[in-house]
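Colleague: The file below is data-v9.cif, mmCIF, C-alpha atoms:
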```cif
data_query
loop_
_atom_site.label_atom_id
_atom_site.label_comp_id
_atom_site.auth_asym_id
_atom_site.auth_seq_id
_atom_site.Cartn_x
_atom_site.Cartn_y
_atom_site.Cartn_z
CA MET E 1 89.39 66.10 121.53
CA THR E 2 93.02 66.77 120.60
CA ALA E 3 93.99 70.40 121.22
CA PRO E 4 94.81 72.31 118.04
CA LEU E 5 98.01 74.14 117.20
CA PHE E 6 97.83 77.76 116.05
CA LEU E 7 100.45 79.85 114.32
CA LEU E 8 100.38 83.50 115.35
CA ALA E 9 102.28 85.95 113.19
CA PRO E 10 101.98 89.09 111.10
CA PRO E 11 101.28 88.29 107.44
CA ARG E 12 104.22 87.50 105.14
CA SER E 13 106.08 85.63 107.89
CA TYR E 14 106.32 82.19 106.24
CA THR E 15 103.02 81.23 107.88
CA SER E 16 101.52 79.50 104.81
CA LEU E 17 104.56 77.33 104.27
CA VAL E 18 105.14 76.47 107.94
CA ASN E 19 101.42 75.76 108.45
CA ALA E 20 101.37 73.39 105.48
CA MET E 21 104.62 71.71 106.58
CA LEU E 22 103.39 71.08 110.14
CA GLY E 23 100.04 70.00 108.75
CA GLN E 24 101.76 67.25 106.73
CA HIS E 25 102.98 65.58 109.94
CA PRO E 26 101.33 62.12 110.04
CA GLN E 27 99.64 63.00 113.35
CA ALA E 28 98.44 66.43 112.21
CA PHE E 29 95.96 67.99 109.82
CA GLY E 30 96.86 71.33 108.26
CA LEU E 31 93.80 73.51 107.73
CA PRO E 32 93.53 76.41 105.31
CA GLU E 33 92.86 79.90 106.71
CA LEU E 34 89.44 79.52 108.34
CA CYS E 35 89.22 83.16 109.53
CA LEU E 36 86.57 81.93 112.00
CA PHE E 37 87.71 84.01 114.96
CA ASN E 38 87.48 87.23 112.94
CA VAL E 39 83.76 87.22 113.71
CA GLU E 40 81.42 86.28 116.54
CA ARG E 41 78.84 84.12 114.80
CA LEU E 42 79.31 82.03 111.68
CA VAL E 43 76.71 84.00 109.74
CA ASP E 44 78.88 87.12 110.19
CA LEU E 45 81.34 85.64 107.72
CA TRP E 46 78.58 86.08 105.13
CA VAL E 47 76.83 89.25 106.20
CA GLY E 48 79.86 91.05 107.64
CA VAL E 49 79.90 93.11 110.79
CA GLU E 50 79.37 96.82 111.25
CA GLY E 51 82.03 99.48 111.07
CA GLU E 52 85.59 99.97 109.92
CA ASN E 53 86.58 96.45 110.89
CA ALA E 54 83.96 94.72 108.80
CA GLU E 55 85.17 91.39 107.49
CA ARG E 56 83.46 90.90 104.20
CA GLY E 57 84.34 89.17 101.03
CA ALA E 58 84.03 85.68 99.76
CA MET E 59 87.77 85.06 100.06
CA ALA E 60 87.48 85.01 103.86
CA ARG E 61 85.10 82.04 103.48
CA HIS E 62 87.05 80.03 100.91
CA GLY E 63 89.24 78.34 103.52
CA LEU E 64 86.27 77.22 105.61
CA MET E 65 84.39 75.99 102.55
CA ARG E 66 87.40 74.01 101.34
CA ALA E 67 88.07 72.54 104.80
CA VAL E 68 84.46 71.41 105.29
CA ALA E 69 84.32 70.02 101.74
CA GLU E 70 87.52 68.03 102.30
CA ILE E 71 86.76 66.80 105.83
CA TYR E 72 83.10 65.90 105.40
CA GLY E 73 82.94 65.31 101.63
CA GLY E 74 86.36 63.71 101.14
CA GLU E 75 87.18 65.97 98.21
CA GLN E 76 87.03 69.59 97.11
CA THR E 77 84.66 69.97 94.19
CA THR E 78 81.86 72.41 93.39
CA THR E 79 79.43 69.76 94.69
CA THR E 80 81.16 69.35 98.05
CA VAL E 81 81.56 73.13 98.34
CA ASN E 82 77.79 73.42 97.86
CA MET E 83 77.44 70.83 100.62
CA ALA E 84 79.78 72.95 102.77
CA ARG E 85 77.53 75.97 102.24
CA ALA E 86 74.55 73.94 103.46
CA TRP E 87 76.67 72.76 106.43
CA ALA E 88 77.44 76.37 107.30
CA SER E 89 73.86 77.45 106.78
CA ALA E 90 72.69 74.87 109.34
CA ARG E 91 75.14 76.39 111.85
CA GLU E 92 74.78 80.06 110.97
CA ASP E 93 73.79 81.12 114.50
CA TRP E 94 76.57 79.18 116.20
CA ASP E 95 79.41 81.07 117.75
CA THR E 96 82.55 80.51 115.74
CA GLY E 97 84.37 78.78 118.61
CA ARG E 98 81.73 76.04 118.57
CA VAL E 99 82.06 75.70 114.80
CA PHE E 100 85.83 75.33 115.12
CA GLN E 101 85.36 72.74 117.89
CA GLU E 102 83.18 70.66 115.59
CA ILE E 103 85.83 70.73 112.86
CA VAL E 104 88.55 69.76 115.34
CA ALA E 105 86.37 66.89 116.65
CA ALA E 106 85.81 65.68 113.07
CA ILE E 107 89.55 65.25 112.46
CA ASP E 108 90.35 63.92 115.94
CA PRO E 109 92.82 62.36 116.88
CA LEU E 110 94.83 64.37 114.34
CA VAL E 111 96.09 67.71 115.63
CA ALA E 112 94.48 70.59 113.75
CA VAL E 113 97.05 73.14 112.59
CA GLU E 114 95.77 76.55 111.58
CA LYS E 115 97.01 80.04 110.91
CA SER E 116 94.91 83.01 109.97
CA PRO E 117 97.12 86.10 110.19
CA SER E 118 93.95 88.15 110.74
CA TYR E 119 93.62 86.70 114.28
CA ALA E 120 96.72 88.56 115.42
CA VAL E 121 95.41 92.00 114.46
CA ALA E 122 93.44 92.15 117.74
CA VAL E 123 94.00 90.60 121.16
CA PRO E 124 90.27 89.87 121.74
CA ARG E 125 90.21 87.62 118.66
CA MET E 126 93.02 85.52 120.10
CA ARG E 127 91.31 85.43 123.50
CA VAL E 128 88.22 83.88 121.90
CA LEU E 129 90.47 81.30 120.36
CA LEU E 130 91.95 80.39 123.77
CA LYS E 131 88.48 80.34 125.31
CA ALA E 132 87.34 77.79 122.71
CA PHE E 133 90.52 75.73 123.16
CA PRO E 134 92.10 76.25 126.61
CA ASP E 135 94.68 73.52 125.86
CA ALA E 136 95.65 74.87 122.43
CA ARG E 137 99.32 75.36 121.60
CA PHE E 138 100.65 78.52 119.99
CA ILE E 139 103.66 79.10 117.81
CA HIS E 140 104.69 82.74 117.61
CA LEU E 141 106.34 82.91 114.22
CA ILE E 142 108.75 85.77 113.65
CA ARG E 143 110.31 87.28 110.56
CA HIS E 144 112.84 90.11 110.34
CA PRO E 145 110.96 93.44 110.06
CA ILE E 146 112.75 94.62 106.89
CA PRO E 147 112.04 91.69 104.51
CA GLN E 148 108.61 91.29 106.09
CA GLY E 149 107.81 94.99 105.52
CA LYS E 150 109.10 94.83 101.95
CA SER E 151 106.91 91.80 101.28
CA VAL E 152 103.83 93.44 102.86
CA MET E 153 104.25 96.55 100.72
CA ALA E 154 104.52 94.42 97.58
CA ILE E 155 101.11 92.82 98.16
CA ASN E 156 97.95 94.69 97.24
CA GLU E 157 99.63 98.13 97.44
CA GLY E 158 100.42 97.54 101.14
CA ALA E 159 96.75 97.18 102.12
CA PHE E 160 97.61 95.36 105.35
CA THR E 161 99.43 98.40 106.72
CA MET E 162 96.28 100.45 106.20
CA LYS E 163 94.18 97.80 107.91
CA MET E 164 96.46 98.16 110.94
CA ASN E 165 96.41 101.99 110.73
CA ALA E 166 100.16 101.81 110.36
CA PHE E 167 100.65 105.44 109.39
CA GLU E 168 103.64 107.61 110.12
CA ILE E 169 102.06 111.02 110.63
CA ASP E 170 103.90 114.29 111.14
CA GLU E 171 102.74 117.91 110.97
CA ASP E 172 102.61 118.05 107.19
CA TYR E 173 102.82 114.51 105.86
CA ALA E 174 101.57 110.96 106.40
CA LEU E 175 102.76 107.72 104.88
CA LEU E 176 102.13 104.01 105.18
CA GLU E 177 104.83 102.45 107.34
CA PRO E 178 104.86 98.60 107.47
CA GLN E 179 107.26 98.46 110.43
CA ILE E 180 104.45 99.90 112.59
CA ALA E 181 102.20 97.01 111.58
CA TRP E 182 105.03 94.51 112.25
CA HIS E 183 105.58 96.03 115.69
CA ASP E 184 101.92 96.35 116.70
CA VAL E 185 100.89 92.87 115.55
CA ASN E 186 103.82 91.33 117.42
CA MET E 187 102.86 93.38 120.50
CA ASN E 188 99.32 92.03 120.21
CA ILE E 189 100.70 88.50 120.11
CA LEU E 190 103.00 89.11 123.09
CA ASP E 191 100.12 90.62 125.08
CA PHE E 192 97.96 87.62 124.28
CA LEU E 193 100.68 85.09 125.07
CA ASP E 194 101.01 86.62 128.55
CA GLU E 195 97.67 84.94 129.21
CA VAL E 196 98.78 81.54 127.91
CA PRO E 197 100.63 79.01 130.08
CA PRO E 198 104.32 78.99 129.04
CA GLU E 199 104.31 75.28 128.17
CA GLN E 200 101.65 75.96 125.53
CA GLN E 201 103.69 78.51 123.60
CA ILE E 202 106.88 78.60 121.62
CA ARG E 203 108.60 81.28 119.55
CA MET E 204 110.32 80.46 116.27
CA ARG E 205 112.09 82.54 113.66
CA GLY E 206 110.85 81.76 110.17
CA GLU E 207 114.34 82.24 108.74
CA ASP E 208 115.69 79.49 111.02
CA ILE E 209 113.01 77.05 109.86
CA MET E 210 113.74 77.87 106.21
CA ALA E 211 117.50 77.39 106.69
CA ASP E 212 117.33 74.17 108.71
CA PRO E 213 113.79 72.80 108.52
CA ARG E 214 114.54 69.28 109.74
CA THR E 215 116.03 70.45 113.03
CA HIS E 216 113.39 73.06 113.77
CA LEU E 217 110.36 71.11 112.62
CA GLY E 218 111.62 68.22 114.75
CA ALA E 219 111.87 70.55 117.74
CA ILE E 220 108.32 71.79 117.18
CA ALA E 221 107.04 68.22 116.85
CA ARG E 222 108.66 67.22 120.17
CA TRP E 223 107.26 70.30 121.89
CA ALA E 224 103.79 69.52 120.52
CA GLY E 225 104.02 65.90 121.70
CA LEU E 226 104.20 64.53 118.16
CA ARG E 227 106.54 61.96 116.64
CA ASP E 228 109.90 63.34 115.51
CA ASP E 229 111.24 60.32 113.63
CA ASP E 230 112.74 60.63 110.14
CA ALA E 231 109.55 59.48 108.40
CA ALA E 232 107.49 62.16 110.13
CA ILE E 233 110.08 64.87 109.36
CA GLU E 234 110.26 63.73 105.74
CA GLU E 235 106.48 64.10 105.40
CA MET E 236 106.73 67.66 106.72
CA MET E 237 109.25 68.49 103.99
CA HIS E 238 106.41 68.19 101.44
CA PRO E 239 103.87 70.94 102.02
CA GLU E 240 102.80 70.59 98.40
CA ARG E 241 101.11 67.28 99.31
CA SER E 242 98.52 69.05 101.45
CA PRO E 243 95.03 68.91 99.90
CA PHE E 244 94.88 72.68 100.41
CA ALA E 245 98.22 73.47 98.74
CA CYS E 246 96.61 74.29 95.41
CA PHE E 247 93.74 76.40 94.16
CA GLY E 248 90.37 75.00 95.12
CA PRO E 249 87.32 74.46 92.93
CA VAL E 250 85.98 77.45 91.07
CA THR E 251 83.52 78.28 93.87
CA ALA E 252 86.20 78.35 96.61
CA LEU E 253 89.51 79.10 94.93
CA PHE E 254 91.64 80.44 97.76
CA GLY E 255 91.85 79.89 101.52
CA ASN E 256 95.49 80.85 101.55
CA ASP E 257 98.06 83.21 100.05
CA PRO E 258 97.74 82.93 96.23
CA ASN E 259 101.54 82.96 95.91
CA PHE E 260 101.73 79.86 98.12
CA LEU E 261 98.86 78.17 96.28
CA SER E 262 100.60 78.61 92.94
CA GLY E 263 103.97 77.34 94.20
CA PRO E 264 103.68 75.36 97.44
CA THR E 265 106.84 73.26 97.05
CA PHE E 266 109.46 73.92 99.73
CA ARG E 267 112.91 74.83 98.47
CA PRO E 268 115.50 74.90 101.27
CA HIS E 269 117.31 78.21 101.37
CA LYS E 270 119.03 80.47 103.83
CA PRO E 271 117.13 83.76 103.92
CA LYS E 272 119.32 86.85 103.97
CA ILE E 273 118.94 88.62 107.31
CA PRO E 274 119.69 92.36 106.97
CA ALA E 275 121.27 94.43 109.70
CA LEU E 276 118.81 96.31 111.88
CA ASP E 277 120.26 99.63 110.70
CA ALA E 278 119.99 98.73 107.01
CA GLU E 279 118.10 100.92 104.51
CA LEU E 280 114.37 100.36 104.25
CA PRO E 281 113.38 99.43 100.67
CA TRP E 282 109.98 101.14 100.99
CA ARG E 283 111.36 104.52 102.16
CA LYS E 284 112.86 107.06 99.82
CA ASP E 285 113.93 109.46 102.59
CA GLY E 286 116.65 107.18 103.95
CA LYS E 287 114.96 106.72 107.33
CA ARG E 288 115.66 103.48 109.19
CA LEU E 289 113.77 101.25 111.62
CA TYR E 290 112.28 102.99 114.66
CA PRO E 291 114.12 102.40 117.97
CA GLN E 292 111.09 100.51 119.35
CA VAL E 293 111.15 98.18 116.34
CA VAL E 294 114.89 97.62 116.69
CA GLU E 295 114.44 96.83 120.38
CA LEU E 296 111.70 94.30 119.68
CA ALA E 297 113.67 92.75 116.81
CA ARG E 298 116.65 92.35 119.15
CA GLU E 299 114.37 90.64 121.68
CA PHE E 300 113.48 88.23 118.87
CA GLY E 301 117.14 87.45 118.25
CA TYR E 302 117.95 89.68 115.29
CA ALA E 303 121.25 91.55 115.53
CA MET U 1 80.80 83.90 122.19
CA PRO U 2 83.77 86.27 122.06
CA ASP U 3 84.79 88.07 125.19
CA ASN U 4 84.14 91.72 124.38
CA LYS U 5 85.13 93.06 127.77
CA PRO U 6 87.65 95.90 127.79
CA ALA U 7 91.24 94.71 127.89
CA SER U 8 92.37 97.10 130.61
CA THR U 9 93.48 94.41 133.04
CA PRO U 10 94.71 91.40 131.08
CA GLN U 11 94.91 88.15 133.00
CA VAL U 12 98.62 87.50 132.90
CA HIS U 13 99.49 83.89 133.51
CA PRO U 14 101.19 83.49 136.92
CA SER U 15 104.28 81.89 135.41
CA ASN U 16 104.65 84.79 133.04
CA ILE U 17 104.35 87.33 135.85
CA ALA U 18 107.25 85.48 137.43
CA ALA U 19 109.14 85.89 134.16
CA ASN U 20 108.64 89.68 134.33
CA ALA U 21 106.21 89.81 131.43
CA LYS U 22 104.83 93.26 130.62
CA SER U 23 101.07 93.46 130.89
CA SER U 24 100.66 96.58 128.75
CA ARG U 25 102.78 97.36 125.73
CA GLU U 26 102.84 100.59 123.77
CA ARG U 27 101.68 100.53 120.16
CA LEU U 28 103.20 102.68 117.41
CA SER U 29 100.04 103.30 115.40
CA PRO U 30 98.81 106.89 115.81
CA ALA U 31 95.25 105.56 116.11
CA PRO U 32 94.49 104.61 119.74
CA LEU U 33 93.36 101.07 120.54
CA ASP U 34 89.64 100.52 120.88
CA PRO U 35 89.25 98.52 124.13
CA MET U 36 86.21 96.67 122.76
CA THR U 37 87.66 95.42 119.48
CA GLY U 38 91.32 95.56 120.48
CA ARG U 39 92.05 97.27 117.17
CA SER U 40 93.39 100.72 116.45
CA ASP U 41 90.49 103.10 115.96
CA PRO U 42 91.10 105.93 113.45
CA SER U 43 87.98 107.78 114.65
CA GLN U 44 89.89 108.70 117.83
CA MET U 45 92.74 110.40 115.97
CA LYS U 46 93.36 114.15 116.21
CA PRO U 47 91.72 116.18 113.39
CA HIS U 48 94.94 116.94 111.50
CA GLN U 49 96.04 113.30 111.82
CA ALA U 50 92.63 112.11 110.59
CA ALA U 51 92.85 114.47 107.60
CA LEU U 52 96.33 113.25 106.65
CA ARG U 53 95.24 109.65 107.12
CA GLN U 54 92.22 110.22 104.88
CA ALA U 55 94.49 111.69 102.20
CA ILE U 56 96.55 108.49 102.25
CA VAL U 57 93.41 106.33 102.14
CA ASP U 58 92.07 108.32 99.16
CA SER U 59 95.36 108.07 97.35
CA PHE U 60 95.48 104.31 98.10
CA ASN U 61 91.97 103.83 96.71
CA ALA U 62 92.77 105.89 93.63
CA LYS U 63 95.93 103.85 93.03
CA LYS U 64 93.97 100.59 93.38
CA ALA U 65 91.28 101.79 90.98
CA ARG U 66 93.93 102.87 88.48
CA THR U 67 95.71 99.51 88.73
CA PHE U 68 92.40 97.70 88.29
CA LEU U 69 91.50 99.73 85.21
CA GLN U 70 94.96 99.27 83.74
CA LYS U 71 94.57 95.52 84.22
CA GLN U 72 91.17 95.52 82.54
CA VAL U 73 92.48 97.47 79.54
CA HIS U 74 95.45 95.15 79.42
CA HIS U 75 93.13 92.12 79.47
CA ILE U 76 90.97 93.17 76.58
CA SER U 77 93.90 93.90 74.31
CA THR U 78 94.55 90.30 73.23
CA ASN U 79 93.43 86.82 74.13
CA ARG U 80 96.92 85.94 75.25
CA GLU U 81 96.95 88.74 77.78
CA LEU U 82 93.57 87.62 79.06
CA ALA U 83 95.09 84.19 79.67
CA ASP U 84 97.98 85.87 81.52
CA GLY U 85 95.46 87.48 83.85
CA ILE U 86 94.13 84.14 85.04
CA LYS U 87 97.33 82.14 84.79
CA PHE U 88 97.51 81.88 88.60
CA LEU U 89 94.76 79.28 88.29
CA PHE U 90 97.11 76.91 86.49
CA ASP U 91 100.20 75.00 87.52
CA GLU U 92 103.61 75.17 85.87
CA HIS U 93 102.51 72.56 83.28
CA GLY U 94 99.51 74.67 82.26
CA ARG U 95 97.04 72.28 83.91
CA PRO U 96 94.31 73.62 86.17
CA PRO U 97 95.13 71.91 89.50
CA ASN U 98 92.08 70.61 91.34
CA MET U 99 89.84 72.49 88.95
CA PRO U 100 88.97 70.57 85.75
CA ILE U 101 87.38 72.60 82.97
CA GLU U 102 84.29 70.36 83.31
CA ASP U 103 83.79 71.79 86.82
CA ILE U 104 83.92 75.33 85.51
CA VAL U 105 81.41 74.58 82.73
CA GLU U 106 79.14 72.72 85.15
CA GLU U 107 79.28 75.57 87.66
CA ARG U 108 78.46 78.11 84.96
CA ARG U 109 75.48 76.00 83.88
CA MET U 110 74.36 75.60 87.49
CA VAL U 111 74.49 79.36 88.08
CA GLU U 112 72.54 79.94 84.83
CA TYR U 113 69.99 77.34 85.95
CA HIS U 114 69.66 78.99 89.38
CA LEU U 115 69.16 82.37 87.72
CA MET U 116 66.42 80.96 85.49
CA TRP U 117 64.81 79.32 88.49
CA VAL U 118 64.89 82.53 90.54
CA GLU U 119 63.54 84.53 87.58
CA GLY U 120 60.76 81.93 87.18
CA VAL U 121 59.83 82.18 90.86
CA LEU U 122 59.97 85.96 90.63
CA ASN U 123 57.58 85.99 87.64
CA GLU U 124 55.22 83.62 89.41
CA LEU U 125 55.21 85.80 92.56
CA ARG U 126 54.63 88.98 90.50
CA HIS U 127 51.71 87.27 88.75
CA ARG U 128 50.26 86.17 92.11
CA LEU U 129 50.72 89.65 93.52
CA ILE U 130 48.76 91.18 90.63
CA LYS U 131 45.93 88.66 91.16
CA ILE U 132 45.86 89.22 94.93
CA LYS U 133 45.84 92.99 94.45
CA GLU U 134 42.85 92.61 92.11
CA VAL U 135 41.02 90.47 94.69
CA GLU U 136 41.95 92.90 97.48
CA ASP U 137 40.73 95.94 95.49
CA TYR U 138 37.50 94.13 94.62
CA ALA U 139 36.97 93.12 98.29
CA PHE U 140 37.46 96.70 99.48
CA GLU U 141 35.08 97.94 96.83
CA MET U 142 32.41 95.42 97.91
CA LEU U 143 32.91 96.38 101.56
CA ALA U 144 32.54 100.06 100.66
CA ARG U 145 29.34 99.35 98.73
CA ALA U 146 27.91 97.30 101.63
CA ALA U 147 28.70 100.11 104.04
CA GLU U 148 26.91 102.60 101.72
CA LYS U 149 23.82 100.35 101.66
CA ASN U 150 23.74 99.98 105.47
CA LYS U 151 23.72 103.76 106.01
#
```
Let me see whether you can do it: turn the structure in this file into structure tokens.
Modeller:
Amino acid sequence: MTAPLFLLAPPRSYTSLVNAMLGQHPQAFGLPELCLFNVERLVDLWVGVEGENAERGAMARHGLMRAVAEIYGGEQTTTTVNMARAWASAREDWDTGRVFQEIVAAIDPLVAVEKSPSYAVAVPRMRVLLKAFPDARFIHLIRHPIPQGKSVMAINEGAFTMKMNAFEIDEDYALLEPQIAWHDVNMNILDFLDEVPPEQQIRMRGEDIMADPRTHLGAIARWAGLRDDDAAIEEMMHPERSPFACFGPVTALFGNDPNFLSGPTFRPHKPKIPALDAELPWRKDGKRLYPQVVELAREFGYA
Amino acid sequence: MPDNKPASTPQVHPSNIAANAKSSRERLSPAPLDPMTGRSDPSQMKPHQAALRQAIVDSFNAKKARTFLQKQVHHISTNRELADGIKFLFDEHGRPPNMPIEDIVEERRMVEYHLMWVEGVLNELRHRLIKIKEVEDYAFEMLARAAEKNK
């Protein structure tokens, strides 16, 4: 079974686009967000788990339903999504690593490429992933904390920051602070990657891929042991050709960021990289990035 | 099965130890990490922190509810605005990608059919339950009478 390739990153770090681009490589298969390692057993994706960290909601299942429909049914329709539900029902007591292994075996010899930003919110989730696939490769995808924080706060009232308990709390006030989420998720990823052999991990800045995709996608392909010829690179320039780069059938619409699903075409551009002491768009009090965030951003190559 | 063991002593890969990798990194969230889930746990925050956090959560929920209601009111104002609300389902040419209208109609019919089927089964079960209760009551009554006679 060919080892899969996982993208680890905080949300809003170009993960949807990069996942779809890599998935278009002729030797790869880009999956939607399966969210499998958020839970222990497959049935937990339906019934949820106890406590604050419960993962409920049909949207967490859309990616899996679409992937199973496409892989086993050859198309994504309400009929094949119904088939996918039956497929899942027959495996409801399986641990999610085993479920993922079956999906990877079904697309073998293509390399499965997946990103579910929810994996990086906790180190144990990523450990399960490595346990299921000891040979898996990991791309740690980075984005500058200021544009990433701005983007996070623009989505769903900044709900992700709350999920990460990213609160700045003083004696008499508290506020949601996305740079805390950026910092803590990246720390989780770094902690996890300490346990991964160095040859199985690579770090990439999303801005670099956006600015010069051919060079960086080629480098990733070589590192992953995939072809890096012009034809393969050209395929990766078309994420919109992925069967998951659009809304799914009415019973499984999502499986990825809705913004990506409504406009998956890649438009080369050079993202503006702000200075690390620049103003934070989400703060009205003029405060800047925390020293710990600046230090980590510097480690990631931002000046 | 996920490994739920506490993460106090992570297994750092030998090559990374050689590269001076840190095995424990400080987090910035005021909620301490739960060693079982690996996630920040707000239940371990200090009381004043928990109260301030709750105030933010309440305000967040109120804002979400207000936005939702505003959207609903916006939607019912005109048909055009309703279409705006679901325009994310369509591509730039106004076509529903990978989701023909026939699929939507068929799915709606299928759900209606399932509902009718479930309601039919429910009625049948209720009817059976009534019958069985009658038989059960009658059986108990007969048993009681037989016991009276045997005394």
Colleague: Leaving out Val57 in chain U and any residue of its chain fewer than 4 positions from it, which residues lie within 12 Å of it when counting all atoms listed in the file, given as a count of residues only?
Modeller: 21
Colleague: The PyMOL selection byres ((chain E and resi 203-207) around 9) on the file shown: which residues, as an MDAnalysis selection string?
Modeller: chainID E and resid 13:15 18 138:144 201:202 208:212 216 220 269:273 300:301
Colleague: Selected residues, C-alpha atoms, written as a short mmCIF file (atom, residue, chain, number, x, y, z; two decimals), in the coordinates of the input, please.
Modeller:
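See part09.cif below for the written result:
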```cif
data_model
loop_
_atom_site.label_atom_id
_atom_site.label_comp_id
_atom_site.auth_asym_id
_atom_site.auth_seq_id
_atom_site.Cartn_x
_atom_site.Cartn_y
_atom_site.Cartn_z
CA SER E 13 106.08 85.63 107.89
CA TYR E 14 106.32 82.19 106.24
CA THR E 15 103.02 81.23 107.88
CA VAL E 18 105.14 76.47 107.94
CA PHE E 138 100.65 78.52 119.99
CA ILE E 139 103.66 79.10 117.81
CA HIS E 140 104.69 82.74 117.61
CA LEU E 141 106.34 82.91 114.22
CA ILE E 142 108.75 85.77 113.65
CA ARG E 143 110.31 87.28 110.56
CA HIS E 144 112.84 90.11 110.34
CA GLN E 201 103.69 78.51 123.60
CA ILE E 202 106.88 78.60 121.62
CA ASP E 208 115.69 79.49 111.02
CA ILE E 209 113.01 77.05 109.86
CA MET E 210 113.74 77.87 106.21
CA ALA E 211 117.50 77.39 106.69
CA ASP E 212 117.33 74.17 108.71
CA HIS E 216 113.39 73.06 113.77
CA ILE E 220 108.32 71.79 117.18
CA HIS E 269 117.31 78.21 101.37
CA LYS E 270 119.03 80.47 103.83
CA PRO E 271 117.13 83.76 103.92
CA LYS E 272 119.32 86.85 103.97
CA ILE E 273 118.94 88.62 107.31
CA PHE E 300 113.48 88.23 118.87
CA GLY E 301 117.14 87.45 118.25
#
```
Colleague: Do a neighbour search on Leu28 in chain U at 8 Å with only C-alpha atoms, toss out local chain neighbours closer than 6 positions, and write the hits as JSON, numbers by chain.
Modeller: {"E": [166, 180, 183, 184]}
Colleague: So which one's closest to Ala181 in chain E, E:Pro198, E:Gly248, E:Gly73, E:Pro10? Using only C-alpha atoms, please.
Modeller: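 Ranked by minimum distance to Ala181 in chain E, first place goes to E:Pro10.
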Colleague: Translate the PyMOL selection byres ((chain U and resi 40) around 8), as applied to the file shown, into an explicit residue set as a PyMOL selection string.
Modeller: (chain E and resi 164-165) or (chain U and resi 29+31-34+38-39+41-42)
Colleague: Could the residues in this selection be written to a file with C-alpha atoms, as a PDB file, in the coordinates of the input?
Modeller:
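Writing the result to result.pdb gives the following:
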```
ATOM      1  CA  MET E 164      96.460  98.160 110.940  1.00  0.00           C
ATOM      2  CA  ASN E 165      96.410 101.990 110.730  1.00  0.00           C
TER       3      ASN E 165
ATOM      4  CA  SER U  29     100.040 103.300 115.400  1.00  0.00           C
ATOM      5  CA  ALA U  31      95.250 105.560 116.110  1.00  0.00           C
ATOM      6  CA  PRO U  32      94.490 104.610 119.740  1.00  0.00           C
ATOM      7  CA  LEU U  33      93.360 101.070 120.540  1.00  0.00           C
ATOM      8  CA  ASP U  34      89.640 100.520 120.880  1.00  0.00           C
ATOM      9  CA  GLY U  38      91.320  95.560 120.480  1.00  0.00           C
ATOM     10  CA  ARG U  39      92.050  97.270 117.170  1.00  0.00           C
ATOM     11  CA  ASP U  41      90.490 103.100 115.960  1.00  0.00           C
ATOM     12  CA  PRO U  42      91.100 105.930 113.450  1.00  0.00           C
TER      13      PRO U  42
END
```
Colleague: Which residues come within 9 Å of Ala136 in chain E, counting only C-alpha atoms, excluding same-chain residues fewer than 6 positions away, as a PyMOL selection string?
Modeller: chain E and resi 2-6+129-130+200-201
Colleague: Emit the selected residues as an mmCIF file, keeping the file's coordinate frame, including C-alpha atoms.
Modeller:
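The new file again_27.cif reads:
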```
data_model
loop_
_atom_site.group_PDB
_atom_site.id
_atom_site.type_symbol
_atom_site.label_atom_id
_atom_site.label_comp_id
_atom_site.auth_asym_id
_atom_site.auth_seq_id
_atom_site.Cartn_x
_atom_site.Cartn_y
_atom_site.Cartn_z
ATOM 1 C CA THR E 2 93.020 66.770 120.600
ATOM 2 C CA ALA E 3 93.990 70.400 121.220
ATOM 3 C CA PRO E 4 94.810 72.310 118.040
ATOM 4 C CA LEU E 5 98.010 74.140 117.200
ATOM 5 C CA PHE E 6 97.830 77.760 116.050
ATOM 6 C CA LEU E 129 90.470 81.300 120.360
ATOM 7 C CA LEU E 130 91.950 80.390 123.770
ATOM 8 C CA GLN E 200 101.650 75.960 125.530
ATOM 9 C CA GLN E 201 103.690 78.510 123.600
#
```
Colleague: Kindly indicate which residue among E:Ala28, E:Ala278, E:Val121, E:Ile155 lies nearest to chain U, using all atoms listed in the file for the distances.
Modeller: E:Val121
Colleague: Spell out the residues picked by the PyMOL selection byres ((chain E and resi 294) around 12) here, as a ChimeraX atom specification.
Modeller: /E:144-146,179-180,182-183,275-278,288-293,295-303
Colleague: Tell me which protein, DNA and RNA residues are within 12 Å of Leu31 in chain E, counting all atoms listed in the file, leaving out same-chain ones fewer than 6 positions away, and put them as number ranges by chain.
Modeller: E: 4-7, 16-24, 62-71, 100, 103-104, 107, 110-116, 239, 242-245, 255-256
Colleague: Using CA of Met236 in chain E and CA of His25 in chain E as the two end points, give the distance in Å to one decimal.
Modeller: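 Separating CA of Met236 in chain E from CA of His25 in chain E is a distance of 5.4 Å.
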Colleague: Would you kindly return, as a ChimeraX atom specification, each protein, DNA or RNA residue with an atom no farther than 7 Å from any atom of Asn38 in chain E, considering all atoms listed in the file and excluding same-chain residues fewer than 5 positions away?
Modeller: /E:118-119,125
Colleague: When distances are computed from all atoms listed in the file, which of E:Glu240, E:Glu235, E:Asp228, E:Asp172 shows the smallest separation from chain U?
Modeller: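 Selected residue with least distance to chain U: E:Asp172.
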Colleague: One number please: CA of Pro26 in chain E to CA of Pro213 in chain E, in Å, one decimal.
Modeller: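 Rounded to one decimal, the two atoms are 16.5 Å apart.
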Colleague: Quote the spacing between CA of Gln54 in chain U and CA of Val152 in chain E in Å to one decimal place.
Modeller: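 CA of Gln54 in chain U sits 20.5 Å away from CA of Val152 in chain E.
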Colleague: From the list E:Ile233, E:Ala154, E:Ala9, E:Val250, which residue is nearest chain U when using only C-alpha atoms?
Modeller: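 Closest to chain U of all the choices is E:Val250.
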